[in-house]
Structures are given as C-alpha cells and as structure tokens.
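Peer 1: What follows is my_file-v5.txt, compact mmCIF, C-alpha atoms.
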# COMPACT_ATOMS: atom_id res chain seq x y z
CA MET A 1 15.29 8.41 -15.70
CA ILE A 2 12.93 9.41 -18.50
CA GLU A 3 10.03 11.42 -17.10
CA ASP A 4 6.77 11.61 -19.03
CA ARG A 5 3.87 12.69 -16.84
CA ASN A 6 1.71 12.89 -19.98
CA LEU A 7 2.27 9.18 -20.71
CA HIS A 8 -1.03 8.50 -18.89
CA TYR A 9 -2.85 10.25 -21.76
CA ARG A 10 -1.05 8.60 -24.67
CA THR A 11 -2.43 5.69 -26.67
CA PHE A 12 -2.07 2.11 -25.49
CA ALA A 13 0.45 1.50 -28.29
CA GLU A 14 2.56 4.48 -27.23
CA ILE A 15 2.50 3.41 -23.57
CA ARG A 16 3.53 -0.11 -24.54
CA ALA A 17 6.34 1.13 -26.81
CA PHE A 18 7.68 3.35 -24.00
CA GLN A 19 7.67 0.46 -21.54
CA GLU A 20 9.39 -1.94 -23.92
CA ARG A 21 12.19 0.57 -24.55
CA ALA A 22 12.50 1.10 -20.80
CA LEU A 23 12.52 -2.67 -20.20
CA LYS A 24 15.54 -3.12 -22.45
CA GLU A 25 17.38 -0.33 -20.63
CA THR A 26 16.53 -1.85 -17.23
CA LEU A 27 17.70 -5.34 -18.19
CA LEU A 28 20.96 -4.00 -19.60
CA TYR A 29 21.51 -1.98 -16.42
CA VAL A 30 20.93 -4.84 -13.97
CA GLN A 31 22.99 -7.27 -16.05
CA SER A 32 25.84 -4.77 -15.97
CA TYR A 33 25.70 -3.73 -12.32
CA SER A 34 23.55 -6.07 -10.17
CA PRO A 35 25.41 -9.10 -8.73
CA PHE A 36 22.06 -10.81 -8.09
CA TYR A 37 20.70 -10.42 -11.63
CA LYS A 38 24.06 -11.19 -13.27
CA ARG A 39 23.95 -14.52 -11.43
CA LEU A 40 20.27 -15.12 -12.13
CA PHE A 41 20.64 -14.51 -15.88
CA ALA A 42 23.76 -16.67 -16.11
CA GLU A 43 22.31 -19.58 -14.14
CA ASN A 44 19.15 -19.58 -16.26
CA LYS A 45 20.99 -18.98 -19.56
CA ILE A 46 18.96 -15.85 -20.26
CA ASP A 47 20.02 -13.75 -23.25
CA ILE A 48 18.54 -10.34 -22.49
CA SER A 49 18.77 -9.34 -26.15
CA THR A 50 15.86 -11.73 -26.78
CA VAL A 51 13.63 -10.01 -24.21
CA CYS A 52 12.05 -7.38 -26.43
CA THR A 53 8.36 -7.31 -25.52
CA LEU A 54 6.40 -7.24 -22.28
CA GLU A 55 5.34 -10.83 -22.96
CA ASP A 56 9.01 -11.85 -23.18
CA LEU A 57 9.32 -11.04 -19.47
CA LEU A 58 7.83 -14.48 -18.82
CA SER A 59 11.19 -16.01 -19.77
CA ILE A 60 12.82 -14.44 -16.70
CA PRO A 61 12.33 -16.08 -13.26
CA THR A 62 10.53 -14.02 -10.66
CA THR A 63 12.28 -12.41 -7.70
CA THR A 64 10.84 -12.96 -4.22
CA LYS A 65 10.98 -11.37 -0.79
CA GLN A 66 13.12 -14.29 0.31
CA ASP A 67 15.67 -13.39 -2.37
CA LEU A 68 15.82 -9.86 -0.96
CA GLN A 69 16.29 -11.16 2.57
CA LEU A 70 18.97 -13.73 1.67
CA TYR A 71 20.95 -11.68 -0.85
CA ASN A 72 20.12 -8.12 0.15
CA THR A 73 23.45 -6.46 -0.71
CA ASP A 74 23.69 -8.36 -4.02
CA PHE A 75 20.89 -6.16 -5.37
CA LEU A 76 22.95 -2.98 -4.96
CA CYS A 77 24.02 -1.60 -8.36
CA VAL A 78 26.10 1.40 -7.27
CA ASP A 79 29.20 2.19 -5.25
CA PRO A 80 28.14 2.59 -1.58
CA LEU A 81 29.61 6.11 -1.73
CA SER A 82 26.76 6.99 -4.12
CA VAL A 83 24.13 6.01 -1.54
CA ILE A 84 22.66 8.97 0.30
CA ASP A 85 19.59 7.46 1.95
CA TYR A 86 18.88 4.10 3.58
CA VAL A 87 15.37 2.81 4.33
CA THR A 88 13.81 -0.52 5.26
CA THR A 89 10.63 -2.33 4.42
CA SER A 90 8.00 -2.52 7.16
CA GLY A 91 8.63 -6.23 7.79
CA THR A 92 4.93 -7.13 7.61
CA LEU A 93 5.70 -10.64 6.30
CA GLY A 94 9.20 -11.18 7.71
CA ASP A 95 12.45 -9.44 8.61
CA PRO A 96 12.74 -5.92 7.20
CA VAL A 97 14.91 -5.52 4.09
CA THR A 98 17.29 -2.59 3.64
CA PHE A 99 17.08 -0.44 0.49
CA ALA A 100 19.76 2.02 -0.56
CA LEU A 101 18.86 5.11 -2.62
CA THR A 102 20.97 7.45 -4.71
CA GLU A 103 20.34 11.11 -5.42
CA GLY A 104 18.71 9.99 -8.68
CA ASP A 105 16.41 7.65 -6.76
CA LEU A 106 15.29 10.47 -4.47
CA GLN A 107 14.60 12.65 -7.52
CA ARG A 108 12.56 9.76 -8.94
CA LEU A 109 10.55 9.54 -5.70
CA ALA A 110 9.93 13.28 -5.81
CA TYR A 111 8.70 13.06 -9.42
CA ASN A 112 6.44 10.11 -8.60
CA GLU A 113 4.79 11.79 -5.63
CA ALA A 114 4.45 15.15 -7.38
CA SER A 115 2.65 13.28 -10.18
CA SER A 116 0.48 11.48 -7.63
CA PHE A 117 -0.50 14.72 -5.93
CA SER A 118 -1.35 16.21 -9.32
CA MET A 119 -3.49 13.11 -9.94
CA VAL A 120 -5.76 14.08 -7.03
CA GLY A 121 -5.93 17.70 -8.17
CA CYS A 122 -3.27 19.28 -5.95
CA THR A 123 -1.42 22.37 -7.20
CA LYS A 124 1.27 24.66 -5.83
CA SER A 125 -1.49 26.79 -4.28
CA ASP A 126 -2.22 23.97 -1.79
CA VAL A 127 -0.77 23.63 1.69
CA MET A 128 -0.02 19.99 2.50
CA GLN A 129 -0.08 18.76 6.09
CA LEU A 130 2.01 15.62 6.56
CA MET A 131 0.31 13.49 9.22
CA THR A 132 2.77 10.62 8.66
CA THR A 133 6.19 9.94 10.09
CA ILE A 134 9.32 10.89 8.17
CA ASP A 135 11.66 8.97 10.48
CA ARG A 136 11.88 5.26 11.49
CA ARG A 137 13.56 4.33 8.18
CA PHE A 138 10.27 5.11 6.39
CA MET A 139 10.66 5.73 2.65
CA ALA A 140 7.15 7.07 2.07
CA GLY A 141 7.32 9.92 4.58
CA LEU A 142 10.37 11.36 2.84
CA ALA A 143 8.81 10.73 -0.58
CA TYR A 144 5.72 12.76 0.36
CA PHE A 145 7.87 15.67 1.50
CA LEU A 146 9.99 15.58 -1.65
CA GLY A 147 6.94 15.26 -3.89
CA ALA A 148 5.10 18.18 -2.33
CA ARG A 149 8.27 20.25 -2.50
CA ARG A 150 8.70 19.44 -6.19
CA LEU A 151 5.07 20.33 -6.89
CA GLY A 152 5.63 23.63 -5.11
CA CYS A 153 3.07 23.15 -2.33
CA GLY A 154 3.38 24.71 1.06
CA ILE A 155 4.32 21.92 3.48
CA VAL A 156 3.85 21.52 7.21
CA ARG A 157 5.51 18.46 8.79
CA VAL A 158 3.38 17.64 11.82
CA GLY A 159 3.99 13.88 11.86
CA ASN A 160 1.59 11.22 13.03
CA GLY A 161 -0.80 11.38 15.98
CA ILE A 162 -1.65 14.26 18.35
CA PRO A 163 -5.08 15.49 17.09
CA GLU A 164 -4.73 18.71 19.12
CA LEU A 165 -1.53 19.65 17.28
CA GLN A 166 -3.07 18.71 13.92
CA TRP A 167 -6.07 20.99 14.48
CA ASP A 168 -3.90 23.81 15.78
CA THR A 169 -1.81 23.53 12.60
CA ILE A 170 -4.86 23.57 10.35
CA LYS A 171 -6.05 26.71 12.12
CA ARG A 172 -2.65 28.42 11.87
CA VAL A 173 -1.58 27.67 8.30
CA LYS A 174 -4.94 26.83 6.63
CA SER A 175 -3.82 23.43 5.34
CA THR A 176 -5.90 22.28 2.36
CA VAL A 177 -4.71 18.67 1.90
CA CYS A 178 -3.21 16.03 4.17
CA MET A 179 -1.28 12.76 3.92
CA VAL A 180 -2.77 10.46 6.53
CA VAL A 181 -3.64 6.95 7.66
CA PRO A 182 -7.45 7.07 7.27
CA SER A 183 -8.42 5.67 10.69
CA PHE A 184 -6.62 8.66 12.24
CA LEU A 185 -9.21 10.92 10.60
CA MET A 186 -11.81 9.43 12.95
CA LYS A 187 -9.63 10.49 15.90
CA MET A 188 -9.48 13.95 14.35
CA VAL A 189 -13.29 13.97 14.17
CA ASP A 190 -13.63 12.77 17.75
CA PHE A 191 -11.31 15.51 19.03
CA ALA A 192 -13.09 18.15 16.95
CA GLU A 193 -16.52 17.17 18.26
CA LYS A 194 -15.30 17.25 21.87
CA HIS A 195 -13.80 20.73 21.38
CA ALA A 196 -16.52 22.33 19.23
CA ILE A 197 -14.41 22.48 16.06
CA ASN A 198 -16.51 22.70 12.88
CA TYR A 199 -14.34 20.32 10.87
CA ASN A 200 -16.58 20.37 7.78
CA ALA A 201 -16.00 24.13 7.56
CA SER A 202 -12.23 23.83 7.98
CA SER A 203 -9.68 24.61 5.26
CA LEU A 204 -8.85 20.89 4.89
CA LYS A 205 -10.58 19.59 1.73
CA LYS A 206 -8.56 16.57 0.55
CA ALA A 207 -7.04 13.56 2.31
CA VAL A 208 -4.55 11.35 0.48
CA CYS A 209 -4.70 8.13 2.46
CA ILE A 210 -2.18 5.34 3.04
CA GLY A 211 -1.97 2.05 4.87
CA GLU A 212 -5.66 1.11 5.13
CA ALA A 213 -8.27 0.27 2.52
CA LEU A 214 -10.78 3.01 1.72
CA ARG A 215 -12.50 1.26 -1.15
CA THR A 216 -13.37 -2.25 -2.26
CA SER A 217 -12.50 -3.72 -5.66
CA ASP A 218 -15.77 -2.38 -7.14
CA GLY A 219 -14.98 1.18 -6.05
CA THR A 220 -17.46 1.43 -3.17
CA LEU A 221 -16.27 2.75 0.16
CA THR A 222 -15.21 0.28 2.81
CA THR A 223 -16.82 0.53 6.23
CA LEU A 224 -13.99 2.76 7.41
CA GLY A 225 -14.26 4.94 4.30
CA GLN A 226 -18.02 5.24 4.70
CA ARG A 227 -17.74 6.21 8.36
CA ILE A 228 -15.26 8.96 7.54
CA HIS A 229 -17.39 10.20 4.63
CA GLU A 230 -20.58 10.28 6.72
CA LYS A 231 -18.89 12.32 9.42
CA TRP A 232 -16.74 14.52 7.19
CA PRO A 233 -18.44 14.83 3.76
CA ALA A 234 -16.52 18.03 2.96
CA LEU A 235 -13.28 16.02 2.94
CA GLU A 236 -12.59 14.14 -0.31
CA LEU A 237 -10.77 10.85 0.25
CA TYR A 238 -8.16 9.45 -2.13
CA SER A 239 -6.48 6.05 -1.95
CA THR A 240 -2.87 5.26 -2.75
CA TYR A 241 -0.96 1.97 -3.03
CA ALA A 242 2.80 1.67 -2.69
CA SER A 243 5.62 -0.35 -1.18
CA THR A 244 9.27 0.26 -0.36
CA GLU A 245 10.39 -2.41 -2.82
CA MET A 246 8.54 -0.76 -5.73
CA GLN A 247 9.79 2.74 -4.88
CA THR A 248 6.63 3.82 -6.70
CA SER A 249 3.07 4.75 -5.71
CA PHE A 250 -0.25 4.27 -7.52
CA THR A 251 -2.88 6.92 -6.85
CA GLU A 252 -6.58 7.32 -7.60
CA CYS A 253 -7.77 10.08 -9.88
CA GLN A 254 -10.97 11.98 -9.14
CA MET A 255 -13.01 9.12 -10.65
CA HIS A 256 -12.03 6.88 -7.71
CA ASN A 257 -11.91 3.70 -9.81
CA GLY A 258 -8.45 2.32 -9.06
CA GLY A 259 -4.91 3.58 -8.77
CA HIS A 260 -3.35 4.63 -12.08
CA ILE A 261 -0.10 2.80 -12.87
CA PRO A 262 2.72 5.32 -13.49
CA CYS A 263 3.89 3.55 -16.64
CA ASP A 264 7.06 5.62 -16.97
CA LEU A 265 8.25 4.34 -13.59
CA ILE A 266 7.16 0.73 -13.35
CA ILE A 267 6.01 -2.32 -15.35
CA VAL A 268 3.23 -4.29 -13.66
CA GLU A 269 2.21 -7.89 -14.20
CA VAL A 270 -0.64 -9.58 -12.33
CA LEU A 271 0.14 -13.28 -12.01
CA ASP A 272 -1.57 -16.50 -10.91
CA GLU A 273 -0.11 -19.26 -8.73
CA ASN A 274 1.90 -20.55 -11.73
CA ASN A 275 3.41 -17.12 -12.47
CA GLN A 276 1.20 -16.73 -15.55
CA PRO A 277 -0.74 -13.52 -16.32
CA VAL A 278 -4.36 -13.47 -15.22
CA GLU A 279 -7.13 -11.91 -17.29
CA ASP A 280 -8.16 -8.33 -16.63
CA GLY A 281 -10.72 -8.22 -13.85
CA GLN A 282 -9.31 -11.32 -12.13
CA PRO A 283 -7.29 -11.19 -8.89
CA GLY A 284 -3.60 -12.04 -9.00
CA GLU A 285 -0.27 -11.21 -7.40
CA VAL A 286 1.19 -7.82 -8.31
CA THR A 287 4.63 -8.43 -9.83
CA ILE A 288 6.76 -5.43 -10.77
CA THR A 289 9.80 -4.36 -12.75
CA THR A 290 11.10 -0.94 -11.77
CA ILE A 291 12.06 1.69 -14.34
CA GLY A 292 14.72 4.30 -13.63
CA VAL A 293 15.87 3.03 -10.21
CA GLU A 294 19.65 3.33 -9.79
CA GLY A 295 20.43 1.89 -6.36
CA MET A 296 18.43 -1.32 -6.09
CA PRO A 297 16.25 -1.97 -9.17
CA LEU A 298 14.06 -5.07 -9.27
CA VAL A 299 12.96 -7.28 -12.18
CA ARG A 300 9.77 -9.34 -11.91
CA PHE A 301 9.55 -8.88 -8.15
CA LYS A 302 6.54 -10.59 -6.56
CA THR A 303 5.09 -8.14 -4.04
CA GLY A 304 2.75 -10.59 -2.30
CA ASP A 305 -0.15 -8.14 -2.84
CA ILE A 306 -3.31 -9.47 -4.46
CA CYS A 307 -5.00 -6.93 -6.76
CA ILE A 308 -7.16 -6.71 -9.88
CA ARG A 309 -5.94 -4.93 -13.02
CA TYR A 310 -8.20 -2.79 -15.20
CA SER A 311 -6.96 -1.78 -18.66
CA GLU A 312 -9.94 0.02 -20.18
CA PRO A 313 -9.61 3.81 -20.49
CA CYS A 314 -10.58 5.80 -17.41
CA GLN A 315 -13.34 8.41 -17.52
CA CYS A 316 -10.74 10.97 -16.46
CA GLY A 317 -9.18 10.69 -19.95
CA ARG A 318 -6.10 8.71 -18.93
CA ASN A 319 -5.28 5.47 -20.75
CA SER A 320 -2.86 4.06 -18.17
CA PRO A 321 -4.02 0.77 -16.62
CA ARG A 322 -5.24 0.82 -13.03
CA LEU A 323 -5.01 -1.45 -10.01
CA SER A 324 -7.77 -2.17 -7.54
CA PRO A 325 -7.19 -1.69 -3.83
CA VAL A 326 -5.20 -4.55 -2.31
CA LEU A 327 -7.57 -7.47 -1.67
CA GLY A 328 -5.03 -9.07 0.67
CA ARG A 329 -1.47 -10.29 1.03
CA LYS A 330 -0.64 -13.65 -0.48
CA GLY A 331 1.27 -14.65 2.65
CA GLN A 332 -1.74 -13.73 4.79
CA MET A 333 -4.31 -15.83 2.94
CA ILE A 334 -6.40 -17.88 5.37
CA LYS A 335 -8.19 -21.14 4.50
CA PHE A 336 -10.83 -21.34 7.22
CA LYS A 337 -13.49 -24.07 7.14
CA GLY A 338 -13.24 -24.30 3.35
CA THR A 339 -13.43 -20.54 2.79
CA THR A 340 -10.55 -18.36 1.52
CA LEU A 341 -10.24 -15.15 3.52
CA TYR A 342 -7.86 -12.21 3.70
CA PRO A 343 -7.47 -9.97 6.77
CA PRO A 344 -8.94 -6.82 5.09
CA MET A 345 -12.27 -8.68 4.68
CA LEU A 346 -12.34 -9.33 8.43
CA PHE A 347 -11.27 -5.78 9.28
CA ASP A 348 -14.11 -4.34 7.21
CA ILE A 349 -16.67 -6.44 9.09
CA LEU A 350 -15.28 -5.55 12.52
CA ASP A 351 -15.09 -1.84 11.67
CA ASN A 352 -18.84 -1.91 11.06
CA ILE A 353 -19.83 -3.30 14.49
CA PRO A 354 -20.53 -0.28 16.76
CA ASP A 355 -19.62 -1.84 20.13
CA VAL A 356 -16.24 -3.10 18.85
CA GLU A 357 -13.78 -0.43 19.99
CA ASN A 358 -10.64 -2.17 18.70
CA TYR A 359 -9.45 -5.65 17.81
CA ILE A 360 -6.67 -7.97 16.70
CA VAL A 361 -7.23 -10.90 14.33
CA GLU A 362 -5.09 -13.94 15.14
CA VAL A 363 -4.70 -17.00 12.91
CA PHE A 364 -3.01 -20.17 14.11
CA THR A 365 -2.71 -23.84 13.23
CA ASN A 366 -5.18 -26.01 15.14
CA SER A 367 -4.79 -29.64 16.26
CA LEU A 368 -5.98 -30.85 12.84
CA GLY A 369 -3.22 -28.90 11.10
CA THR A 370 -5.64 -26.40 9.51
CA ASP A 371 -6.05 -22.63 9.88
CA HIS A 372 -8.12 -21.32 12.77
CA ILE A 373 -9.14 -17.73 13.48
CA GLN A 374 -9.50 -16.03 16.84
CA ILE A 375 -10.50 -12.39 17.18
CA ARG A 376 -9.49 -10.51 20.30
CA VAL A 377 -12.05 -7.76 20.78
CA GLY A 378 -11.81 -4.66 22.94
CA SER A 379 -15.33 -3.68 23.99
CA ASN A 380 -17.38 -2.51 26.94
CA ASN A 381 -20.07 -5.01 25.90
CA ARG A 382 -18.95 -8.53 26.76
CA SER A 383 -22.30 -10.30 26.83
CA ASP A 384 -22.99 -13.71 25.31
CA LEU A 385 -25.61 -12.01 23.15
CA PHE A 386 -22.95 -9.69 21.71
CA VAL A 387 -20.70 -12.65 20.91
CA LYS A 388 -23.62 -14.28 19.06
CA GLN A 389 -24.31 -11.03 17.18
CA ILE A 390 -20.66 -10.81 16.05
CA LYS A 391 -20.64 -14.40 14.86
CA ASP A 392 -23.96 -14.01 13.05
CA ILE A 393 -22.59 -10.96 11.19
CA PHE A 394 -19.53 -12.95 10.10
CA ARG A 395 -21.69 -15.85 8.91
CA ALA A 396 -23.85 -13.45 6.90
CA LYS A 397 -20.83 -11.73 5.31
CA VAL A 398 -18.29 -14.52 4.75
CA ARG A 399 -20.23 -17.72 5.65
CA VAL A 400 -17.96 -18.67 8.57
CA ALA A 401 -17.62 -17.46 12.17
CA PRO A 402 -14.31 -17.12 14.05
CA ASP A 403 -13.80 -17.54 17.78
CA ILE A 404 -14.36 -14.34 19.79
CA VAL A 405 -12.48 -13.50 23.00
CA PHE A 406 -12.58 -10.23 24.93
CA ASP A 407 -9.62 -8.19 26.16
CA SER A 408 -9.43 -4.72 27.63
CA ILE A 409 -9.59 -1.85 25.17
CA GLU A 410 -6.32 -0.53 26.63
CA LEU A 411 -4.49 -3.83 26.12
CA ILE A 412 -5.62 -4.12 22.49
CA ALA A 413 -4.51 -0.52 21.88
CA ARG A 414 -1.03 -1.33 23.22
CA LEU A 415 -0.80 -4.51 21.15
CA GLN A 416 -1.77 -2.59 18.01
CA GLN A 417 1.09 -0.11 18.43
CA PRO A 418 4.34 -1.98 19.18
CA PRO A 419 7.27 0.44 19.68
CA THR A 420 9.19 -0.56 16.54
CA SER A 421 6.24 -0.71 14.12
CA ARG A 422 5.37 2.02 11.62
CA LYS A 423 1.86 0.60 11.16
CA ALA A 424 -1.00 -0.33 13.45
CA VAL A 425 -0.95 -4.10 13.94
CA LYS A 426 -4.38 -5.66 13.46
CA PHE A 427 -3.33 -9.12 12.26
CA LEU A 428 -1.06 -11.68 13.93
CA ASP A 429 -0.08 -14.79 11.96
CA LEU A 430 0.78 -17.46 14.52
CA ARG A 431 0.61 -20.39 12.12
CA GLN A 432 3.23 -23.10 12.27
CA THR A 433 5.64 -23.06 9.34
CA VAL A 434 7.25 -26.16 7.91
Just dump the structure as structure tokens.

Peer 2:
Amino acid sequence: MIEDRNLHYRTFAEIRAFQERALKETLLYVQSYSPFYKRLFAENKIDISTVCTLEDLLSIPTTTKQDLQLYNTDFLCVDPLSVIDYVTTSGTLGDPVTFALTEGDLQRLAYNEASSFSMVGCTKSDVMQLMTTIDRRFMAGLAYFLGARRLGCGIVRVGNGIPELQWDTIKRVKSTVCMVVPSFLMKMVDFAEKHAINYNASSLKKAVCIGEALRTSDGTLTTLGQRIHEKWPALELYSTYASTEMQTSFTECQMHNGGHIPCDLIIVEVLDENNQPVEDGQPGEVTITTIGVEGMPLVRFKTGDICIRYSEPCQCGRNSPRLSPVLGRKGQMIKFKGTTLYPPMLFDILDNIPDVENYIVEVFTNSLGTDHIQIRVGSNNRSDLFVKQIKDIFRAKVRVAPDIVFDSIELIARLQQPPTSRKAVKFLDLRQTV
C-alpha cells in the first residue's frame, strides 16, 4: 500500500495521476489473484491493459451486494493462512457478508483512521474514549482502536452504552475525544443532568460520530445534530461515512462541508440508474474501487448509498473531493403517493417532535401493489390531536402523511435493539419482493 496523507493537498492533476497508477495496480492484482474478477474479466472480454484512466472504468461491469453474497469466497485473493481477522457486514439490506483481512489490511485500516482522526484535529496529546463495540464481528470498532494507536493517542475502550461508566471514565482519565453513535450523546446528557454533572465543562471536546446523520446535504445540522449542539455546545461534532465493504472511512474536516475522500485508499464514482456518472452536486449511488486492499479488494462495487459529490477545493486547503452525508440507501427508497422518500428524511422529522419518545418506520406493499408507510410511535401522548399534529408536520415537510400507530415506549425500545444487531433498528422493510 502506498500511503500519502498529503495527497489531500496536492493538485487535482496530481491526485488523478496517483489514482490512475493505483487503478492499474489494483486491476492487475485482482486479475492475478481474485477468482471472481478473473471470471468477470474473461466473460466480458476485458483487457485490463486498456483501462488507463478513471473514465475507462466505465468499461468494467459493476459489482453488487448480491455478487458478494453469492460468491463470497471467490473474492478472496490470499491464502487463508494469511487471514488474521474476519468481520461481517451489518446485514442492513440482506444477509451479512464475511470479509477476510490480512496484516496489511489491518495496517491500512490503522492508517485510514489515523488520517481521519488527524482530519478532525486530533493529535497524540488527545485521549480517545471508544463508545463503540469492538466485538460482534464489527470492523469499525477495531479500526478505531488501531487508528488511535497509530496516531499515538491515549485510548480507553469503554464500549457502547452505560452512561454512568462513560462519565466515570471521563472523570478518571480526562478523555478529550470520543467515537460514538450521536443519539447516545443525548443519553449522556440526560444522565449528566440527573446527576448534576456539568458536561459542558468536562474534558470531552470532540465527538467523532458514526451510524446516524448529523448534517444534511447542505451542511446544516439535522434535528438530532441540532439537539445535541443546543445541549452540549462545548462539544464539536464530526461526521464520518464508512462501510465494511469499502474498508475505508470518509471524515469531515473542521469546515464541516462533507467527508473528504481518502484518494490514496479508494476511487469513488457517483452513478445514476444506468451506471453513468452524475454531475457534481447531483445525487447518485456511491460506487467504489479499493486501493491497497490485499484480502478482498473490490472493483466498481455499488454500495447502495446515495450521496452527492463535491469536487471544488475545500476552505481547509485540501483539494480532495468530498461526499455529502448519505441521503438514503438505494434499496430503502420509498415511492409513497408519488413522492420519493428515504428513511433518514422521516427520522429527521420524527426526531423533531417533542412527544415522540421513540419510533420504528415500517414500509410494506399495500393491496394496490404500491408502497405504504406506517410509523409505530412510542409516546405518552396518544391523543387524536397528537396524531393530527404528526401528520400535519409530515405534510408540511414532505407533502405526504404516513399512518400513525402507538405502541409502548418499552416495546419500541426492545424492537430497536435486537440481540444480534450492531445498530439501532429504526426502519423495517416489509415489502413483498418478486
């Protein structure tokens, strides 16, 4: 793997030249060692020597999640004896997929996360509190530990949950930065207020957040982000975007205007429904080619995530392109009464309604064969007037109103945290598939 943390600051031409050299190396590697890509190139009569530019990538078919599920072991490029870590995807849109990592892949993860932490201004003088799991076959938890270790930070591995233990740790070791799912910060605030902890005066000054949207595509805070900021203004919030398949994370700089693409680790295309590039500023599906992955590299893998790409230079001085927060997952797109919706839009509305304690959004196929939305709400207010208020807010925000049903707050909380899930479940897709 060729590391170049300063690539962010080089000219567009230099970044492009680096990526095109890396592309040739990646294609040669997968053609030599990947059973899946050997077969793909042969069946499609692809001569990799003719793929010289980023635009030439269009001559190679895309790889999908279904490919990974059907031919999982065919993506492995190394002897199994070289594998030292196994992880799985979260299975948000189907059965989890296993990924095998070599020592080189773990070093690559460490480099990526150390670079990401530097992006948000972390140094070896920081103490990082990991409020995420490192078990349950979770790649990211290990990556955060390795990245902080490589940067030279102090590290305290608390894991997820347990606000009391988190605050005790902050008091004991004076943690300055945390890795966290942002909604958990509200539980931290709630505990602090009940126990007279002055959280704005604590040592914790930065939160690098995963799993939930903090900002919209125009850079403004989501409802969740705004609620955290209003309560805890001394804590600076940073967004990241990553997936197991990419083995790479994209992190905001201090300008908070999108996650910088680590161009020495990954090539990113943003494609339309016909697998053609969209213009900058337009939403499309993030499609990636990994650089420097040894165990299970991917070429033109369609992530299912819908984002917007920005290529103009950032005010921070970096010239690397950036990606917006994820607008939604392609597989989770909902066509409801003529309106296209993604679950994060609905989450943002619900998070802004004070009497809604928790919720689950369900989408199913109705008797007409079209999408229908039902929202199961946990609330102490179950009045008809409250139902009308919820529906009116939806009509004002997205022009359509879903069905509202009430469940106990405790039941919704249990449904959101199934035993085998690494993420809180807020969306259930119950649609019929053909």

Peer 1: Please report the interatomic distance between atom CA of A:Gly378 and atom CA of A:Val405 in Å with one decimal.

Peer 2: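 Computing the Euclidean distance for atom CA of A:Gly378 and atom CA of A:Val405 yields 8.9 Å.
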
Peer 1: Excluding A:Ser203 and any residue of its chain fewer than 3 positions from it, enumerate the residues within 8 Å of it, using only C-alpha atoms, and give them as a PDB file with C-alpha atoms, keeping the file's coordinate frame.

Peer 2:
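This is the output file selection-v1.pdb:
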ATOM      1  CA  ILE A 170      -4.860  23.570  10.350  1.00  0.00           C
ATOM      2  CA  LYS A 174      -4.940  26.830   6.630  1.00  0.00           C
ATOM      3  CA  SER A 175      -3.820  23.430   5.340  1.00  0.00           C
ATOM      4  CA  THR A 176      -5.900  22.280   2.360  1.00  0.00           C
TER       5      THR A 176
END

Peer 1: In Å, with one decimal, what is the gap from atom CA of A:Asp264 to atom CA of A:Thr53?

Peer 2: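 Computing the Euclidean distance for atom CA of A:Asp264 and atom CA of A:Thr53 yields 15.6 Å.
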
Peer 1: With all atoms listed in the file as the atoms that count, which of A:Val268, A:Ile360, A:Val299, A:Leu7 lies nearest to A:Ser59?

Peer 2: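 Closest to A:Ser59, using all atoms listed in the file: A:Val299.
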
Peer 1: For a quick check of understanding, using all atoms listed in the file, which of A:Lys397, A:His195, A:Lys337, A:Arg10 has the smallest distance to A:Thr370?

Peer 2: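 Looking at the shortest contact to A:Thr370, the residue is A:Lys337.
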
Peer 1: Rank nothing, just name the residue among A:Lys426, A:Pro283, A:Ile267, A:Tyr310 nearest to A:Ile15, using all atoms listed in the file.

Peer 2: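 Distance minimum relative to A:Ile15 lands on A:Ile267.
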
Peer 1: I'd like the neighbourhood of stretch 226-230 of chain A as a list in words, where a residue qualifies if any of its atoms comes within 10 Å (using all atoms listed in the file), though same-chain residues fewer than 5 positions away should be ignored.

Peer 2: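 The filter keeps Pro182, Ser183, Phe184, Leu185, Met186, Val189, Leu214, Arg215, Thr220, Leu221, Leu235, Glu236, Leu237, Asp351 and Asn352 of chain A.
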
Peer 1: Could the residues in this selection be saved with C-alpha atoms as a short mmCIF file (atom, residue, chain, number, x, y, z; two decimals), in the frame of the given file?

Peer 2:
data_model
loop_
_atom_site.label_atom_id
_atom_site.label_comp_id
_atom_site.auth_asym_id
_atom_site.auth_seq_id
_atom_site.Cartn_x
_atom_site.Cartn_y
_atom_site.Cartn_z
CA PRO A 182 -7.45 7.07 7.27
CA SER A 183 -8.42 5.67 10.69
CA PHE A 184 -6.62 8.66 12.24
CA LEU A 185 -9.21 10.92 10.60
CA MET A 186 -11.81 9.43 12.95
CA VAL A 189 -13.29 13.97 14.17
CA LEU A 214 -10.78 3.01 1.72
CA ARG A 215 -12.50 1.26 -1.15
CA THR A 220 -17.46 1.43 -3.17
CA LEU A 221 -16.27 2.75 0.16
CA LEU A 235 -13.28 16.02 2.94
CA GLU A 236 -12.59 14.14 -0.31
CA LEU A 237 -10.77 10.85 0.25
CA ASP A 351 -15.09 -1.84 11.67
CA ASN A 352 -18.84 -1.91 11.06
#

Peer 1: Mind checking which residues fall within 12 Å of A:Val326, counting only C-alpha atoms, ignoring those fewer than 6 positions away in the same chain, and posting them as a ChimeraX atom specification?

Peer 2: /A:210-219,239-243,250,258-259,283-286,303-309,342-345

Peer 1: I'd like the contact shell of A:Asn44 - 10 Å cut-off, all atoms listed in the file, skipping same-chain residues fewer than 2 positions apart - returned as a ChimeraX atom specification.

Peer 2: /A:39-42,46-47,59-61

Peer 1: Have a look at A:Ile409, A:Arg395, A:Gly338, A:Phe75 and name the one nearest to A:Asp355; count all atoms listed in the file.

Peer 2: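 Smallest distance to A:Asp355 is found for A:Ile409.
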